[in-house]
Amino acid sequence: MSGSSSTQSIENIRHSLAHLLAAAVLEKFPDAKLAIGPVIDNGFYYDFLLPRNLTPEDLTGFEKKMRELIKKRLPFSGEKISLAEAKKLFAKQPFKLELIKELSDKNENLSIYHTGNVFMDLCRGGHVNNTEEIPADAFKLDKIAGAYWHGDEKNPMLQRIYGLAFTNKKELDDYLKFVEEAKRRDHKILGLQLDLFTFSDLVGAGLPLWTPKGTTLRNLLDDFVWQLRKARGYVQVDIPHITKKDLYEKSGHWEKFKDELFKIQTREGHLFAMKPMNCPHHTQIYARRQWSYRDLPQRYANTTKVYRDEQSGELAGLSRVRAITQDDAHVFARKSQIKDEISKIWDIIQEFYGAFGFKLSVRLSLHDPAHMEKYLGTAELWDDAESKLRSLIKERGVTAAEAPGEAAFYGPKLDFMAKDSLGREWQVATIQLDMNMPERFDLFCINENGEHERIAMIHAAIMGSIERFLSVVIEHFAGAFPVWCAPVQVTVLPIGEKFLKYGEEVATALKKADIRTELPYTNESLNKRIREAELAKLPYIIVVGEKEAKDGTVTVRTRKSKEQISMKLSEFVRKVEQEVRDKTI
RNA sequence: GCCGGUGUAGCUCAAUGGCAGAGCGAUGCUUUCGUAAAGCAAGGAUGGAGGUUCGAUUCCUCUCUCCGGCUCCA
């Protein structure tokens with residue numbers, strides 16, 4: 001080996017590996033039809049249409065073949081070719097012919113790349129000079145998956161082989177370790193272990209059932225959001241979970257999402273739907289009377305479930321469910337009040353996510369002017385809404401990535417991404433500025449001049465969905481919740497039966513101070529009970545025996561240090577209360 | 001929804017065309033213990049529906065769940 005691999009970009013290495021993979025697949029399946037093989041985060045993939053389904057053993061074989069090819073020190077070389085040559089060279093590769101047509105339609109140059117004399121592919125380049133520059137111990141074929149040709153579900157499904165590839169073995173090992181760690185924190189497993197939620201085949205897929213501990217946690221989070229909202233003038237409202245189809249026809253949701261609605265036919269033949277969102281209902285609460293400009297903004301908060309008939313293949317733990325609890329709120333405001341109101345919501349989001357130690361980044365999701373058919377309203381309405389968000393971002397001195405085409409169909413959004421303790425980014429909160437629903441539902445106020453003035457509507461979910469947020473939080477903390485939001489904060493373990501009475505006194509005092517306390521007395525050994533409490537990831541374990549009963553103290557074992565600290569009961573209560581107040585992480 | 005995989009006790013995993021086994025948990029009894037597993041006992045299961053077969057947990061068909069992707073996501 002020349003050792004020159006370090007001079008090669010990781011993209012070139014990954015791209016070259018994709019070609020080697022295709023070569024290995026072609027050797028085994030000469031009739032394989034090749035699609036595309038791009039570079040992705042952490043590696044590469046290549047899509048094939050093959051005569052049979054691949055097995056994990058096939059991957060082992062391909063990987064071995066790729067290493068053999070690397071050893072042969074094959075040069076990569078490219079050349080431009082004409083349309084006619086391309087059509088001839090790829091006559092038996094229908095997907096390549098499609099690509100060739102697309103490229104030539106766009107008047108782009110066609111080129112091919114050779115890997116020694118063993119493989120040739122339609123390719124714009126970006127390769128190592130020679131396979132000797134590919135570190136053979138830093139890649140691994142990862143998994144087989146199905147993928148639609150051109151990402152379109154109407155097209156045939158191909159077999160995709162994913163590979164991991166890095167510049168050296170350590171990076172690959174680090175990545176595999178990261179995957180292990182992520183698996184260890186998987187909320188689907190931790191949630192069951194920590195007894196937060198469960199699923200039942202009888203109830204149905206994507207319909208989580210919440211245990212007492214899980215419900216405690218949900219309520220705690222929701223209450224935190226509510227406290228932040230209450231301080232900013234929000235009031236609570238509530239709405240029914242089924243509704244006439246008429247509401248969604250008027251809002252535009254029926255047209256757009258009718259296939260994803262759970263529908264209910266009444267015995268008299270009327271069509272209802274389980275509500276898939278709350279905004280249209282809230283418009284009707286606003287519309288119940290006429291408002292003076294002096295009454296605005298009206299800020300309605302409502303934590304409630306919505307129901308969406310998600311594709312069964314999409315359901316995953318708490319991340320994607322069919323019964324979704326939204327901590328939803330809608331602000332009905334004059335256009336002049338928009339920036340202020342959004343700013344307040346932004347403050348709530350910062351305070352809320354800060355309490356968990358999440359780092360936030362912001363994305364401005366805009367409409368796609370090339371596809372106005374996907375949106376309600378006029379271009380002017382959109383430009384107006386988007387410029388308001390842009391200027392607010394500027395005022396707050398934040399940099400936000402702009403994402404055209406990511407807007408909701410009724411308005412642009414500020415989407416917030418949280419980076420968790422493993423460095424993964426999750427889309428969480430969202431603020432949506434909506435000038436369209438007010439038009440559709442004719443929402444207005446009476447202004448200073450006695451005229452009808454069209455208002456704006458701001459959609460503001462802080463957690464977004466409690467289910468999804470919890471999936472993120474469980475993995476962020478690996479199930480070890482900080483004291484302020486741990487469903488059980490303290491467990492009291494009497495050394496023996498003789499001290500059960502004192503244990504009860506301690507537990508009662510803690511509960512009186514609103515500290516979530518357990519006294520799970522069983523006839524197991526003390527060691528066993530401590531072990532169980534540790535496995536349950538409880539913040540504090542209190543052990544009481546003769547000494548404590550005599551002195552009125554408790555011996556506290558902390559989750560973090562496992563140290564034993566003796567203190568007065570009242571001192572411990574103050575300590576916990578302080579941590580809850582400060583939301584210590 | 002699509003492609004592939006998967007499903008055995010509450011959990012983690014064995015085994016088989018002919019009586020389905022273990023560890024942990026849960027239950028009962030004994031033990032009452034000073035910081036990560038005390039002892040004994042009795043329990044407990046082949047996701048569901050059809051089919052093939054003398055006999056199916058095992059083979060076939062359908063269906064459901066879950067997992068990895070794809071597509072979608074108000």
# chains A, B, ... in the order shown; residues from 1 in each chain; ligands from 1

call {"tool": "interface_residues", "arguments": {"of": "chain B", "to": "chain A", "cutoff": "7 Å", "atoms": "only C-alpha atoms (C1' of nucleotides)", "output": "short mmCIF file (atom, residue, chain, number, x, y, z; two decimals) with C-alpha atoms (C1' of nucleotides), in the first residue's frame"}}
result
data_model
loop_
_atom_site.label_atom_id
_atom_site.label_comp_id
_atom_site.auth_asym_id
_atom_site.auth_seq_id
_atom_site.Cartn_x
_atom_site.Cartn_y
_atom_site.Cartn_z
"C1'" G B 1 -48.60 1.20 1.14
"C1'" C B 3 -39.12 -4.43 -0.52
"C1'" G B 4 -36.71 -7.65 2.90
"C1'" U B 32 -35.02 -9.03 57.67
"C1'" C B 33 -30.21 -8.23 55.68
"C1'" G B 34 -25.99 -1.37 55.88
"C1'" U B 35 -25.32 0.01 49.52
"C1'" A B 36 -25.76 -3.81 42.36
"C1'" A B 37 -28.75 -10.41 42.45
"C1'" A B 38 -30.60 -14.73 49.96
"C1'" U B 65 -47.20 -7.53 15.05
"C1'" G B 69 -35.06 0.49 4.49
"C1'" C B 70 -38.16 3.12 0.54
"C1'" U B 71 -42.30 6.38 -0.14
"C1'" A B 74 -50.93 18.98 8.22
#

call {"tool": "residues_around", "arguments": {"residues": "Asp384 of chain A", "least_positions_apart": "6", "cutoff": "12 Å", "atoms": "only C-alpha atoms (C1' of nucleotides)", "output": "ChimeraX atom specification"}}
result
/A:335,338,366-367,377-378,390-391,411-412,433-436,456

call {"tool": "select_by_dssp", "arguments": {"residues": "segment 430-483 of chain A", "states": "strand (DSSP E or B)", "output": "list in words"}}
result
Thr430, Ile431, Gln432, Leu433, Asp434, Phe444, Cys445, Ile446, His452, Glu453, Arg454, Ala456, Met457, Ile458, His459, Ala460, Ala461 and Ser465 of chain A

call {"tool": "closest_residue", "arguments": {"among": "A:Ile285, A:Leu194, A:Val362, A:Leu414", "to": "Ala401 of chain A", "atoms": "only C-alpha atoms"}}
result
A:Val362

call {"tool": "atom_distance", "arguments": {"atom1": "atom CA of Lys88 of chain A", "atom2": "atom CA of Thr115 of chain A"}}
result
19.1 Å

call {"tool": "residues_around", "arguments": {"residues": "Ala138 of chain A", "least_positions_apart": "3", "cutoff": "8 Å", "atoms": "only C-alpha atoms (C1' of nucleotides)", "output": "ChimeraX atom specification"}}
result
/A:135,165-172

call {"tool": "residues_around", "arguments": {"residues": "Cys485 of chain A", "least_positions_apart": "6", "cutoff": "9 Å", "atoms": "only C-alpha atoms (C1' of nucleotides)", "output": "short mmCIF file (atom, residue, chain, number, x, y, z; two decimals) with N, CA and C atoms, in the first residue's frame"}}
result
data_model
loop_
_atom_site.label_atom_id
_atom_site.label_comp_id
_atom_site.auth_asym_id
_atom_site.auth_seq_id
_atom_site.Cartn_x
_atom_site.Cartn_y
_atom_site.Cartn_z
N THR A 216 -47.27 10.18 34.20
CA THR A 216 -46.67 11.20 35.07
C THR A 216 -45.70 12.06 34.26
N LEU A 217 -44.87 11.39 33.50
CA LEU A 217 -43.87 12.08 32.70
C LEU A 217 -44.53 13.00 31.67
N LEU A 220 -45.99 16.02 33.37
CA LEU A 220 -44.95 16.94 33.82
C LEU A 220 -44.48 17.83 32.68
N LEU A 221 -44.23 17.19 31.53
CA LEU A 221 -43.73 17.95 30.39
C LEU A 221 -44.78 18.94 29.92
N VAL A 580 -35.53 20.65 41.55
CA VAL A 580 -36.74 20.70 40.74
C VAL A 580 -36.98 22.13 40.27
N LYS A 583 -34.55 23.06 37.72
CA LYS A 583 -34.51 22.10 36.61
C LYS A 583 -33.07 21.68 36.31
#

call {"tool": "select_by_dssp", "arguments": {"residues": "segment 197-373 of chain A", "states": "helix (DSSP H, G or I)", "output": "PyMOL selection string"}}
result
chain A and resi 212-230+245-251+253-260+279-286+293-295+312-314+335-354+369-373

call {"tool": "atom_distance", "arguments": {"atom1": "atom CA of Val576 of chain A", "atom2": "atom CA of Asp551 of chain A"}}
result
20.2 Å

call {"tool": "closest_residue", "arguments": {"among": "A:Asp58, A:Arg454, A:Gly116, A:Leu89", "to": "Ile70 of chain A", "atoms": "only C-alpha atoms"}}
result
A:Gly116

call {"tool": "atom_distance", "arguments": {"atom1": "atom CA of Glu102 of chain A", "atom2": "atom CA of Gly78 of chain A"}}
result
20.0 Å

call {"tool": "residues_around", "arguments": {"residues": "Gln350 of chain A", "least_positions_apart": "4", "cutoff": "10 Å", "atoms": "only C-alpha atoms (C1' of nucleotides)", "output": "PyMOL selection string"}}
result
chain A and resi 344-346+354-355+358-360+416+429+462
